[in-house]
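Below is the file model19.pdb, which contains PDB, C-alpha atoms.
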```
ATOM      1  CA  MET M 128     -80.429  28.786  10.027
ATOM      2  CA  PRO M 129     -76.848  28.010   8.999
ATOM      3  CA  ARG M 130     -74.866  25.954  11.470
ATOM      4  CA  PRO M 131     -72.252  27.975  13.434
ATOM      5  CA  ALA M 132     -68.606  27.337  12.582
ATOM      6  CA  LEU M 133     -66.850  24.881  14.841
ATOM      7  CA  ARG M 134     -63.857  26.157  16.717
ATOM      8  CA  ASP M 135     -60.884  24.603  18.478
ATOM      9  CA  PRO M 136     -61.227  25.583  22.181
ATOM     10  CA  ALA M 137     -57.461  26.187  22.388
ATOM     11  CA  ALA M 138     -57.444  28.649  19.519
ATOM     12  CA  THR M 139     -56.777  32.300  20.262
ATOM     13  CA  PRO M 140     -59.714  34.709  19.791
ATOM     14  CA  LEU M 141     -60.079  35.998  16.273
ATOM     15  CA  PRO M 142     -59.645  39.775  15.827
ATOM     16  CA  PRO M 143     -62.641  41.702  14.570
ATOM     17  CA  ALA M 144     -62.713  41.831  10.792
ATOM     18  CA  ARG M 145     -62.313  45.144   9.022
ATOM     19  CA  PRO M 146     -65.086  45.959   6.565
ATOM     20  CA  ASP M 147     -62.636  45.903   3.658
ATOM     21  CA  ALA M 148     -60.582  42.945   4.899
ATOM     22  CA  GLU M 149     -60.661  39.489   3.364
ATOM     23  CA  THR M 150     -62.498  37.190   5.746
ATOM     24  CA  GLY M 151     -61.174  33.901   7.049
ATOM     25  CA  ALA M 152     -63.755  32.078   4.953
ATOM     26  CA  GLN M 153     -62.636  33.899   1.813
ATOM     27  CA  ARG M 154     -59.003  33.062   2.507
ATOM     28  CA  LEU M 155     -59.888  29.465   3.198
ATOM     29  CA  ASP M 156     -61.825  29.279  -0.074
ATOM     30  CA  ARG M 157     -58.528  29.739  -1.871
ATOM     31  CA  THR M 158     -56.761  26.854  -0.121
ATOM     32  CA  ARG M 159     -59.464  24.452   1.094
ATOM     33  CA  ALA M 160     -58.849  22.031  -1.785
ATOM     34  CA  ASP M 161     -55.088  22.058  -1.173
ATOM     35  CA  LEU M 162     -55.549  21.497   2.560
ATOM     36  CA  ALA M 163     -57.973  18.610   2.028
ATOM     37  CA  GLU M 164     -55.725  16.924  -0.516
ATOM     38  CA  PHE M 165     -52.596  17.436   1.581
ATOM     39  CA  LEU M 166     -54.144  15.913   4.696
ATOM     40  CA  ARG M 167     -55.703  13.022   2.813
ATOM     41  CA  LEU M 168     -52.430  12.067   1.152
ATOM     42  CA  ARG M 169     -50.529  12.282   4.436
ATOM     43  CA  ARG M 170     -53.123  10.047   6.108
ATOM     44  CA  GLU M 171     -52.955   7.495   3.323
ATOM     45  CA  ARG M 172     -49.204   7.094   3.415
ATOM     46  CA  LEU M 173     -49.226   5.970   7.073
ATOM     47  CA  SER M 174     -49.966   2.427   8.167
ATOM     48  CA  PRO M 175     -51.869   1.810  11.412
ATOM     49  CA  ALA M 176     -49.037  -0.425  12.589
ATOM     50  CA  ALA M 177     -46.571   2.491  12.328
ATOM     51  CA  LEU M 178     -48.578   4.261  15.031
ATOM     52  CA  GLY M 179     -49.213   1.216  17.177
ATOM     53  CA  LEU M 180     -52.814   0.734  16.006
ATOM     54  CA  PRO M 181     -54.389  -2.625  15.187
ATOM     55  CA  ALA M 182     -54.714  -3.290  11.485
ATOM     56  CA  GLY M 183     -58.367  -4.310  11.896
ATOM     57  CA  GLY M 184     -60.434  -5.696   9.050
ATOM     58  CA  ARG M 185     -60.508  -4.699   5.416
ATOM     59  CA  ARG M 186     -60.025  -0.998   4.749
ATOM     60  CA  ARG M 187     -61.624   0.776   1.838
ATOM     61  CA  THR M 188     -58.704   3.215   1.623
ATOM     62  CA  PRO M 189     -55.020   2.846   2.506
ATOM     63  CA  GLY M 190     -53.478   4.431   5.549
ATOM     64  CA  LEU M 191     -55.225   5.902   8.554
ATOM     65  CA  ARG M 192     -58.906   6.649   8.908
ATOM     66  CA  ARG M 193     -60.091  10.090   9.902
ATOM     67  CA  GLU M 194     -61.353   8.821  13.236
ATOM     68  CA  GLU M 195     -57.896   7.430  14.015
ATOM     69  CA  VAL M 196     -56.194  10.738  13.214
ATOM     70  CA  ALA M 197     -58.758  12.636  15.269
ATOM     71  CA  ALA M 198     -58.313  10.370  18.288
ATOM     72  CA  LEU M 199     -54.509  10.555  18.162
ATOM     73  CA  ALA M 200     -54.623  14.349  17.741
ATOM     74  CA  GLY M 201     -56.987  14.722  20.693
ATOM     75  CA  VAL M 202     -60.027  16.176  18.895
ATOM     76  CA  GLY M 203     -63.484  14.956  17.967
ATOM     77  CA  LEU M 204     -64.154  13.184  14.677
ATOM     78  CA  ALA M 205     -66.716  15.757  13.496
ATOM     79  CA  TRP M 206     -64.365  18.633  14.254
ATOM     80  CA  TYR M 207     -61.420  16.984  12.481
ATOM     81  CA  THR M 208     -63.588  16.084   9.488
ATOM     82  CA  TRP M 209     -64.658  19.701   9.118
ATOM     83  CA  PHE M 210     -61.021  20.817   9.350
ATOM     84  CA  GLU M 211     -59.867  18.344   6.708
ATOM     85  CA  GLN M 212     -62.697  19.461   4.447
ATOM     86  CA  GLY M 213     -61.509  23.049   4.713
ATOM     87  CA  ARG M 214     -64.561  24.339   6.575
ATOM     88  CA  ASN M 215     -64.476  27.768   8.193
ATOM     89  CA  ILE M 216     -63.116  26.782  11.609
ATOM     90  CA  SER M 217     -60.357  28.308  13.713
ATOM     91  CA  VAL M 218     -57.476  26.123  14.857
ATOM     92  CA  SER M 219     -54.744  26.532  17.451
ATOM     93  CA  ALA M 220     -51.017  26.026  17.091
ATOM     94  CA  THR M 221     -51.301  23.254  19.700
ATOM     95  CA  PHE M 222     -53.675  21.310  17.473
ATOM     96  CA  LEU M 223     -51.455  21.801  14.417
ATOM     97  CA  GLU M 224     -48.437  20.568  16.373
ATOM     98  CA  ASN M 225     -50.374  17.479  17.474
ATOM     99  CA  LEU M 226     -51.538  16.851  13.934
ATOM    100  CA  ALA M 227     -48.013  17.224  12.525
ATOM    101  CA  ARG M 228     -46.806  14.686  15.080
ATOM    102  CA  VAL M 229     -49.577  12.190  14.286
ATOM    103  CA  LEU M 230     -49.029  12.459  10.529
ATOM    104  CA  LYS M 231     -45.231  12.309  10.995
ATOM    105  CA  LEU M 232     -44.664  15.477   8.974
ATOM    106  CA  ASP M 233     -41.122  16.636   8.358
ATOM    107  CA  ALA M 234     -40.087  20.273   8.856
ATOM    108  CA  ALA M 235     -41.109  21.383   5.350
ATOM    109  CA  GLU M 236     -44.483  19.604   5.554
ATOM    110  CA  ARG M 237     -45.143  21.019   9.017
ATOM    111  CA  ARG M 238     -44.563  24.548   7.748
ATOM    112  CA  HIS M 239     -46.838  23.879   4.764
ATOM    113  CA  LEU M 240     -49.606  22.682   7.081
ATOM    114  CA  TYR M 241     -49.401  25.900   9.090
ATOM    115  CA  LEU M 242     -49.602  28.053   5.975
ATOM    116  CA  LEU M 243     -52.535  26.126   4.522
ATOM    117  CA  ALA M 244     -54.367  26.562   7.828
ATOM    118  CA  HIS M 245     -53.591  30.326   7.730
ATOM    119  CA  GLN M 246     -51.435  30.251  10.810
ATOM    120  CA  ARG M 247     -48.098  31.957  11.171
ATOM    121  CA  PRO M 248     -45.204  29.716  10.099
ATOM    122  CA  PRO M 249     -44.019  27.644  13.063
ATOM    123  CA  ALA M 250     -40.751  28.283  14.844
ATOM    124  CA  GLU M 251     -38.124  25.870  13.561
ATOM    125  CA  PRO M 252     -36.642  23.567  16.197
ATOM    126  CA  GLY M 253     -33.296  24.882  17.403
ATOM    127  CA  ARG M 254     -30.634  22.358  16.465
ATOM    128  CA  THR M 255     -27.009  22.726  15.508
ATOM    129  CA  TRP M 256     -25.927  21.254  12.196
ATOM    130  CA  CYS M 257     -22.438  20.616  10.872
ATOM    131  CA  THR M 258     -23.178  19.574   7.283
ATOM    132  CA  VAL M 259     -22.897  22.292   4.641
ATOM    133  CA  PRO M 260     -24.520  21.846   1.202
ATOM    134  CA  PRO M 261     -21.868  21.338  -1.520
ATOM    135  CA  GLN M 262     -23.180  24.270  -3.551
ATOM    136  CA  VAL M 263     -22.496  26.595  -0.613
ATOM    137  CA  ARG M 264     -18.904  25.396  -0.455
ATOM    138  CA  ARG M 265     -18.568  26.016  -4.198
ATOM    139  CA  LEU M 266     -20.037  29.494  -3.767
ATOM    140  CA  MET M 267     -17.435  30.350  -1.127
ATOM    141  CA  ASP M 268     -14.629  28.993  -3.307
ATOM    142  CA  ASP M 269     -15.858  31.210  -6.141
ATOM    143  CA  LEU M 270     -15.192  34.261  -3.931
ATOM    144  CA  PRO M 271     -11.374  34.218  -3.759
ATOM    145  CA  ALA M 272     -11.146  37.882  -2.684
ATOM    146  CA  ARG M 273     -14.038  37.742  -0.196
ATOM    147  CA  PRO M 274     -13.496  36.098   3.196
ATOM    148  CA  ALA M 275     -16.568  33.906   3.731
ATOM    149  CA  TYR M 276     -17.567  31.321   6.300
ATOM    150  CA  VAL M 277     -20.658  29.399   7.435
ATOM    151  CA  LEU M 278     -21.994  29.435  10.998
ATOM    152  CA  ASN M 279     -24.515  27.106  12.578
ATOM    153  CA  LEU M 280     -26.904  28.015  15.400
ATOM    154  CA  ARG M 281     -24.159  27.484  18.004
ATOM    155  CA  TRP M 282     -21.816  29.706  15.984
ATOM    156  CA  ASP M 283     -19.483  26.850  15.155
ATOM    157  CA  VAL M 284     -17.547  27.716  11.998
ATOM    158  CA  VAL M 285     -18.449  24.695   9.888
ATOM    159  CA  ALA M 286     -16.962  25.799   6.536
ATOM    160  CA  TRP M 287     -14.848  28.630   5.171
ATOM    161  CA  ASN M 288     -12.899  29.637   2.085
ATOM    162  CA  ALA M 289      -9.211  30.349   1.601
ATOM    163  CA  ALA M 290      -9.657  34.108   2.054
ATOM    164  CA  ALA M 291     -11.343  33.565   5.430
ATOM    165  CA  GLU M 292      -8.500  31.269   6.464
ATOM    166  CA  ARG M 293      -5.942  33.988   5.700
ATOM    167  CA  VAL M 294      -7.899  36.584   7.674
ATOM    168  CA  PHE M 295      -9.357  34.622  10.594
ATOM    169  CA  GLY M 296      -7.097  31.559  10.875
ATOM    170  CA  PHE M 297      -9.936  29.129  11.558
ATOM    171  CA  GLY M 298      -7.811  26.134  10.596
ATOM    172  CA  ALA M 299      -5.301  26.867  13.361
ATOM    173  CA  GLN M 300      -7.973  26.280  15.994
ATOM    174  CA  PRO M 301      -8.650  22.807  17.441
ATOM    175  CA  ALA M 302     -11.786  21.320  15.900
ATOM    176  CA  GLY M 303     -13.636  21.514  19.214
ATOM    177  CA  ARG M 304     -12.804  25.222  19.593
ATOM    178  CA  ARG M 305     -13.596  26.314  16.061
ATOM    179  CA  ASN M 306     -16.404  28.439  17.360
ATOM    180  CA  LEU M 307     -16.641  32.137  16.523
ATOM    181  CA  LEU M 308     -17.908  33.154  19.946
ATOM    182  CA  TRP M 309     -15.196  31.159  21.758
ATOM    183  CA  MET M 310     -12.477  32.602  19.536
ATOM    184  CA  LEU M 311     -13.846  36.119  19.962
ATOM    185  CA  PHE M 312     -13.627  36.026  23.760
ATOM    186  CA  VAL M 313     -10.856  33.521  24.466
ATOM    187  CA  ALA M 314      -8.385  33.466  21.540
ATOM    188  CA  PRO M 315      -5.901  36.376  21.762
ATOM    189  CA  ALA M 316      -5.378  36.442  17.985
ATOM    190  CA  MET M 317      -9.069  37.079  17.337
ATOM    191  CA  ARG M 318      -9.203  39.794  19.980
ATOM    192  CA  ASP M 319      -6.239  41.516  18.297
ATOM    193  CA  LEU M 320      -7.817  41.126  14.861
ATOM    194  CA  PHE M 321     -10.913  43.211  15.606
ATOM    195  CA  VAL M 322     -10.265  46.938  15.770
ATOM    196  CA  ASP M 323     -12.248  48.415  18.672
ATOM    197  CA  TRP M 324     -12.883  44.966  20.128
ATOM    198  CA  PRO M 325     -14.675  46.410  23.238
ATOM    199  CA  ALA M 326     -17.405  47.760  20.948
ATOM    200  CA  GLN M 327     -17.509  44.939  18.392
ATOM    201  CA  ALA M 328     -17.597  41.999  20.812
ATOM    202  CA  PRO M 329     -20.766  42.991  22.717
ATOM    203  CA  ALA M 330     -22.532  43.802  19.442
ATOM    204  CA  MET M 331     -21.752  40.343  18.097
ATOM    205  CA  LEU M 332     -22.764  38.798  21.405
ATOM    206  CA  SER M 333     -26.123  40.542  21.138
ATOM    207  CA  THR M 334     -26.676  38.881  17.767
ATOM    208  CA  PHE M 335     -25.814  35.496  19.273
ATOM    209  CA  ARG M 336     -28.397  36.068  21.994
ATOM    210  CA  ARG M 337     -31.166  35.850  19.396
ATOM    211  CA  ASP M 338     -29.810  32.492  18.270
ATOM    212  CA  PHE M 339     -29.606  31.358  21.874
ATOM    213  CA  ALA M 340     -33.303  32.144  22.259
ATOM    214  CA  SER M 341     -34.087  30.187  19.084
ATOM    215  CA  ALA M 342     -32.219  27.171  20.415
ATOM    216  CA  SER M 343     -34.799  26.616  23.180
ATOM    217  CA  GLY M 344     -32.244  25.387  25.698
ATOM    218  CA  ALA M 345     -30.267  23.097  23.370
ATOM    219  CA  PRO M 346     -27.673  21.424  25.648
ATOM    220  CA  ASP M 347     -24.639  22.071  23.432
ATOM    221  CA  ILE M 348     -25.379  25.808  23.226
ATOM    222  CA  THR M 349     -26.112  26.074  26.938
ATOM    223  CA  GLU M 350     -22.823  24.316  27.695
ATOM    224  CA  LEU M 351     -20.949  26.808  25.493
ATOM    225  CA  VAL M 352     -22.464  29.769  27.344
ATOM    226  CA  ASP M 353     -21.755  28.216  30.754
ATOM    227  CA  GLU M 354     -18.115  27.581  29.850
ATOM    228  CA  LEU M 355     -17.603  31.069  28.458
ATOM    229  CA  GLU M 356     -19.048  32.572  31.643
ATOM    230  CA  ARG M 357     -16.384  30.649  33.594
ATOM    231  CA  VAL M 358     -13.373  31.573  31.478
ATOM    232  CA  ALA M 359     -14.174  34.986  29.966
ATOM    233  CA  PRO M 360     -15.049  37.811  32.426
ATOM    234  CA  GLU M 361     -16.164  40.208  29.669
ATOM    235  CA  PHE M 362     -18.482  37.591  28.240
ATOM    236  CA  LYS M 363     -20.032  36.959  31.664
ATOM    237  CA  ALA M 364     -20.603  40.660  32.309
ATOM    238  CA  TRP M 365     -22.072  41.452  28.890
ATOM    239  CA  TRP M 366     -24.131  38.272  28.719
ATOM    240  CA  ARG M 367     -25.907  39.162  31.946
ATOM    241  CA  GLU M 368     -26.828  42.601  30.644
ATOM    242  CA  HIS M 369     -29.262  40.964  28.170
ATOM    243  CA  ASP M 370     -28.673  43.574  25.487
ATOM    244  CA  VAL M 371     -30.342  42.850  22.152
ATOM    245  CA  HIS M 372     -29.540  45.003  19.126
ATOM    246  CA  GLY M 373     -30.442  44.836  15.460
ATOM    247  CA  ALA M 374     -28.819  42.623  12.882
ATOM    248  CA  CYS M 375     -25.041  42.712  13.147
ATOM    249  CA  MET M 376     -24.243  44.094   9.691
ATOM    250  CA  GLY M 377     -22.411  47.107   8.379
ATOM    251  CA  VAL M 378     -18.740  48.114   8.443
ATOM    252  CA  ARG M 379     -16.115  46.483  10.641
ATOM    253  CA  SER M 380     -12.381  47.193  10.738
ATOM    254  CA  LEU M 381      -9.829  44.392  10.984
ATOM    255  CA  ARG M 382      -6.140  44.683  11.811
ATOM    256  CA  LEU M 383      -4.226  42.611   9.240
ATOM    257  CA  PRO M 384      -0.494  41.707   9.094
ATOM    258  CA  ALA M 385       1.591  43.997   6.856
ATOM    259  CA  LEU M 386      -1.502  46.043   5.956
ATOM    260  CA  GLY M 387      -2.765  47.617   9.151
ATOM    261  CA  GLU M 388      -6.414  48.513   9.661
ATOM    262  CA  VAL M 389      -8.744  47.634   6.781
ATOM    263  CA  ALA M 390     -12.461  48.486   6.781
ATOM    264  CA  PHE M 391     -14.818  45.752   5.573
ATOM    265  CA  GLU M 392     -18.494  45.605   4.830
ATOM    266  CA  HIS M 393     -19.980  42.396   6.160
ATOM    267  CA  ALA M 394     -23.322  40.715   5.625
ATOM    268  CA  THR M 395     -24.989  37.527   6.835
ATOM    269  CA  LEU M 396     -27.105  35.478   4.434
ATOM    270  CA  SER M 397     -29.303  32.497   5.275
ATOM    271  CA  VAL M 398     -28.254  29.504   3.168
ATOM    272  CA  ASP M 399     -30.345  26.822   4.898
ATOM    273  CA  GLU M 400     -33.136  28.280   7.028
ATOM    274  CA  SER M 401     -34.417  24.960   8.372
ATOM    275  CA  ARG M 402     -30.935  24.063   9.660
ATOM    276  CA  HIS M 403     -30.047  27.589  10.804
ATOM    277  CA  LEU M 404     -26.952  27.773   8.575
ATOM    278  CA  ARG M 405     -25.764  31.252   7.600
ATOM    279  CA  LEU M 406     -23.083  32.505   5.274
ATOM    280  CA  VAL M 407     -21.037  35.486   6.490
ATOM    281  CA  VAL M 408     -19.220  37.425   3.764
ATOM    282  CA  TYR M 409     -16.646  40.219   4.168
ATOM    283  CA  ALA M 410     -15.676  42.656   1.418
ATOM    284  CA  PRO M 411     -13.454  45.759   1.603
ATOM    285  CA  ALA M 412     -15.555  48.898   2.022
ATOM    286  CA  PRO M 413     -16.059  50.823  -1.268
ATOM    287  CA  ASP M 414     -13.891  53.714  -0.095
ATOM    288  CA  GLU M 415     -11.213  51.546   1.543
ATOM    289  CA  PRO M 416      -7.788  52.765   0.238
ATOM    290  CA  LEU M 417      -6.169  49.397   1.042
ATOM    291  CA  ALA M 418      -8.654  47.314  -0.989
ATOM    292  CA  ALA M 419      -6.185  46.617  -3.799
ATOM    293  CA  ALA M 420      -3.392  45.858  -1.312
ATOM    294  CA  PHE M 421      -5.731  43.452   0.476
ATOM    295  CA  ALA M 422      -6.429  41.594  -2.786
ATOM    296  CA  ARG M 423      -2.677  41.306  -3.462
ATOM    297  CA  TRP M 424      -2.090  40.073   0.103
ATOM    298  CA  LEU M 425      -4.691  37.339  -0.376
ATOM    299  CA  ALA M 426      -3.116  36.313  -3.668
ATOM    300  CA  ARG M 427       0.297  35.776  -2.117
ATOM    301  CA  LYS M 428       1.076  32.230  -1.031
ATOM    302  CA  PRO M 429       0.574  31.824   2.729
ATOM    303  CA  ARG M 430       3.656  31.319   4.849
ATOM    304  CA  ALA M 431       4.780  27.752   5.498
ATOM    305  CA  GLY M 432       2.891  25.987   8.273
ATOM    306  CA  ALA M 433      -0.384  27.855   7.851
ATOM    307  CA  ARG M 434      -3.385  25.542   8.024
ATOM    308  CA  GLY M 435      -6.347  25.842   5.707
ATOM    309  CA  SER M 436      -8.359  22.672   6.245
ATOM    310  CA  ARG M 437     -12.091  23.171   6.385
ATOM    311  CA  GLU M 438     -12.891  19.830   7.947
TER     312      GLU M 438
END
```
Just give me the structure as structure tokens.
Amino acid sequence: MPRPALRDPAATPLPPARPDAETGAQRLDRTRADLAEFLRLRRERLSPAALGLPAGGRRRTPGLRREEVAALAGVGLAWYTWFEQGRNISVSATFLENLARVLKLDAAERRHLYLLAHQRPPAEPGRTWCTVPPQVRRLMDDLPARPAYVLNLRWDVVAWNAAAERVFGFGAQPAGRRNLLWMLFVAPAMRDLFVDWPAQAPAMLSTFRRDFASASGAPDITELVDELERVAPEFKAWWREHDVHGACMGVRSLRLPALGEVAFEHATLSVDESRHLRLVVYAPAPDEPLAAAFARWLARKPRAGARGSRE
């Protein structure tokens, strides 16, 4: 009789297979060689000393042995060997996390491991970043008539173009307060900018709530929320309602000097998924009668004293 497939005790039960569905074994057939090669190469690049293990005697191959990886990952040698060989076994996310830690995988390698093992991609660690790729800055500068800015997970505005400076005045804010959520609820100029602020602000706050959940209690984001609850009554009330809506995209009207109310389409694009950096772009709505006037307003030289630094 064939030997039964080994299974990680922490793995979730497998759903019953549909008659016409590709089985786990069939899926694994397509990637078993890639998984085996990936794990072998990641083992071989690590030295025992890097993980606090004795070097021991002569080694036939560089790096860690399978038994060392298995012990550090908390599984048996036979089970790990079968996994590395691409056998038909089921694994848990807990095991994959332990293995990624032992093999010192970076974020991209960790995701690749999950996909090779036919697991859902892992949740990326919630961290706030302040470095924007140069090509993203060039992209924003190539949009002179489109206000554009980059947000991190905390909603700090970490980069913006000249059009966004004219519209939102990010450069006039102290560096420590250049945060879209803070400006939305605390800065009077931003409150005046958004037409129908009582409807727009809670919708944007709902979008932030999803980022807050992704942050997994990151101290800097928690501190921002705590401070806003102290200084902004509307924020405190809406935050405690726990409303969650869909993606905050569509049409939004802004009240601009010398122009009045202008309707904009706005969209949010991911520019660095692993670092949670997103590009927000505004463009006048297709039927906006003031679109040409808005372009002329942007082209005029800003008044003296206006700040446009993006650092």
Got a sec to resolve the PyMOL selection byres ((chain M and resi 276) around 6) on this structure and send the residues as a list in words?
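For this structure, the PyMOL selection byres ((chain M and resi 276) around 6) captures Ala275, Val277, Ala286, Trp287, Leu406 and Val407 of chain M.
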Exactly which residues make up the result of the PyMOL selection byres ((chain M and resi 294) around 9) on this file, given as a VMD selection string?
chain M and resid 274 289 to 293 295 to 297 320 381 383 425
Return as an MDAnalysis selection string the set of residues that the PyMOL selection byres ((chain M and resi 222) around 9) yields on the displayed structure.
chainID M and resid 135 137:138 200:202 218:221 223:227
Export, as a PDB file, keeping the file's coordinate frame, the selected residues with C-alpha atoms.
```pdb
ATOM      1  CA  ASP M 135     -60.884  24.603  18.478  1.00  0.00           C
ATOM      2  CA  ALA M 137     -57.461  26.187  22.388  1.00  0.00           C
ATOM      3  CA  ALA M 138     -57.444  28.649  19.519  1.00  0.00           C
ATOM      4  CA  ALA M 200     -54.623  14.349  17.741  1.00  0.00           C
ATOM      5  CA  GLY M 201     -56.987  14.722  20.693  1.00  0.00           C
ATOM      6  CA  VAL M 202     -60.027  16.176  18.895  1.00  0.00           C
ATOM      7  CA  VAL M 218     -57.476  26.123  14.857  1.00  0.00           C
ATOM      8  CA  SER M 219     -54.744  26.532  17.451  1.00  0.00           C
ATOM      9  CA  ALA M 220     -51.017  26.026  17.091  1.00  0.00           C
ATOM     10  CA  THR M 221     -51.301  23.254  19.700  1.00  0.00           C
ATOM     11  CA  LEU M 223     -51.455  21.801  14.417  1.00  0.00           C
ATOM     12  CA  GLU M 224     -48.437  20.568  16.373  1.00  0.00           C
ATOM     13  CA  ASN M 225     -50.374  17.479  17.474  1.00  0.00           C
ATOM     14  CA  LEU M 226     -51.538  16.851  13.934  1.00  0.00           C
ATOM     15  CA  ALA M 227     -48.013  17.224  12.525  1.00  0.00           C
TER      16      ALA M 227
END
```
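Once Asp347 in chain M and its same-chain neighbours fewer than 3 positions away are set aside, Arg281, Glu350 and Leu351 of chain M remain within 8 Å of it when counting all atoms listed in the file.
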Counting only C-alpha atoms, what is within 9 Å of range 304-312 of chain M, bar same-chain residues fewer than 4 positions away, as a ChimeraX atom specification?
/M:278,281-285,297-300,316-318,321,324,328,331-332,335,351,355,358-362
Separation of CA of Phe391 in chain M and CA of Glu415 in chain M, in Å?
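About the pair CA of Phe391 in chain M and CA of Glu415 in chain M: they are 7.9 Å apart.
With distances restricted to only C-alpha atoms, M:Leu280 is the closest residue to Ser397 in chain M from M:Ala426, M:Leu280, M:Ala412, M:Ala244.
Nearest to Trp366 in chain M of all the residues M:Ala394, M:Leu270, M:Val389, M:Val352 is M:Val352, counting all atoms listed in the file.
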Within 9 Å of range 418-424 of chain M, counting only C-alpha atoms, which residues qualify if same-chain residues fewer than 3 places away don't, as a VMD selection string?
chain M and resid 271 to 273 383 385 to 386 389 to 390 410 to 415 427 to 428
Rounded to one decimal in Å, what is the spacing between CA of Leu162 in chain M and CA of Ala198 in chain M?
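Those two atoms sit 19.5 Å apart.
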Of the candidates M:Ala364, M:Glu211, M:Val408, M:Asn279, which shows the shortest atom-to-atom distance to Leu266 in chain M, using all atoms listed in the file?
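Distance minimum relative to Leu266 in chain M lands on M:Val408.
Between CA of Ala205 in chain M and CA of Ala235 in chain M lies a distance of 27.5 Å.
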Kindly add N, CA and C atoms to the incomplete range 268-283 of chain M and provide the output as a CSV table (one decimal), in the frame of the given file.
```csv
chain,number,residue,atom,x,y,z
M,268,ASP,N,-15.9,29.1,-2.5
M,268,ASP,CA,-14.6,29.0,-3.3
M,268,ASP,C,-14.6,29.9,-4.5
M,269,ASP,N,-15.8,30.3,-5.0
M,269,ASP,CA,-15.9,31.2,-6.1
M,269,ASP,C,-15.7,32.7,-5.7
M,270,LEU,N,-15.4,32.9,-4.4
M,270,LEU,CA,-15.2,34.3,-3.9
M,270,LEU,C,-13.8,34.4,-3.4
M,271,PRO,N,-12.8,34.3,-4.3
M,271,PRO,CA,-11.4,34.2,-3.8
M,271,PRO,C,-10.9,35.5,-3.0
M,272,ALA,N,-11.6,36.6,-3.3
M,272,ALA,CA,-11.1,37.9,-2.7
M,272,ALA,C,-12.1,38.3,-1.6
M,273,ARG,N,-13.0,37.4,-1.2
M,273,ARG,CA,-14.0,37.7,-0.2
M,273,ARG,C,-14.0,36.7,0.9
M,274,PRO,N,-13.5,37.0,2.1
M,274,PRO,CA,-13.5,36.1,3.2
M,274,PRO,C,-14.9,35.7,3.5
M,275,ALA,N,-15.2,34.4,3.5
M,275,ALA,CA,-16.6,33.9,3.7
M,275,ALA,C,-16.5,32.6,4.6
M,276,TYR,N,-17.5,32.5,5.5
M,276,TYR,CA,-17.6,31.3,6.3
M,276,TYR,C,-19.0,31.0,6.7
M,277,VAL,N,-19.3,29.8,7.1
M,277,VAL,CA,-20.7,29.4,7.4
M,277,VAL,C,-20.7,29.1,8.9
M,278,LEU,N,-21.7,29.7,9.6
M,278,LEU,CA,-22.0,29.4,11.0
M,278,LEU,C,-23.3,28.6,11.2
M,279,ASN,N,-23.3,27.8,12.2
M,279,ASN,CA,-24.5,27.1,12.6
M,279,ASN,C,-25.1,27.9,13.8
M,280,LEU,N,-26.2,27.3,14.3
M,280,LEU,CA,-26.9,28.0,15.4
M,280,LEU,C,-26.0,28.3,16.6
M,281,ARG,N,-25.1,27.4,16.9
M,281,ARG,CA,-24.2,27.5,18.0
M,281,ARG,C,-23.0,28.4,17.7
M,282,TRP,N,-22.9,28.9,16.5
M,282,TRP,CA,-21.8,29.7,16.0
M,282,TRP,C,-20.5,28.9,15.8
M,283,ASP,N,-20.6,27.6,15.6
M,283,ASP,CA,-19.5,26.8,15.2
M,283,ASP,C,-19.2,27.2,13.7
```
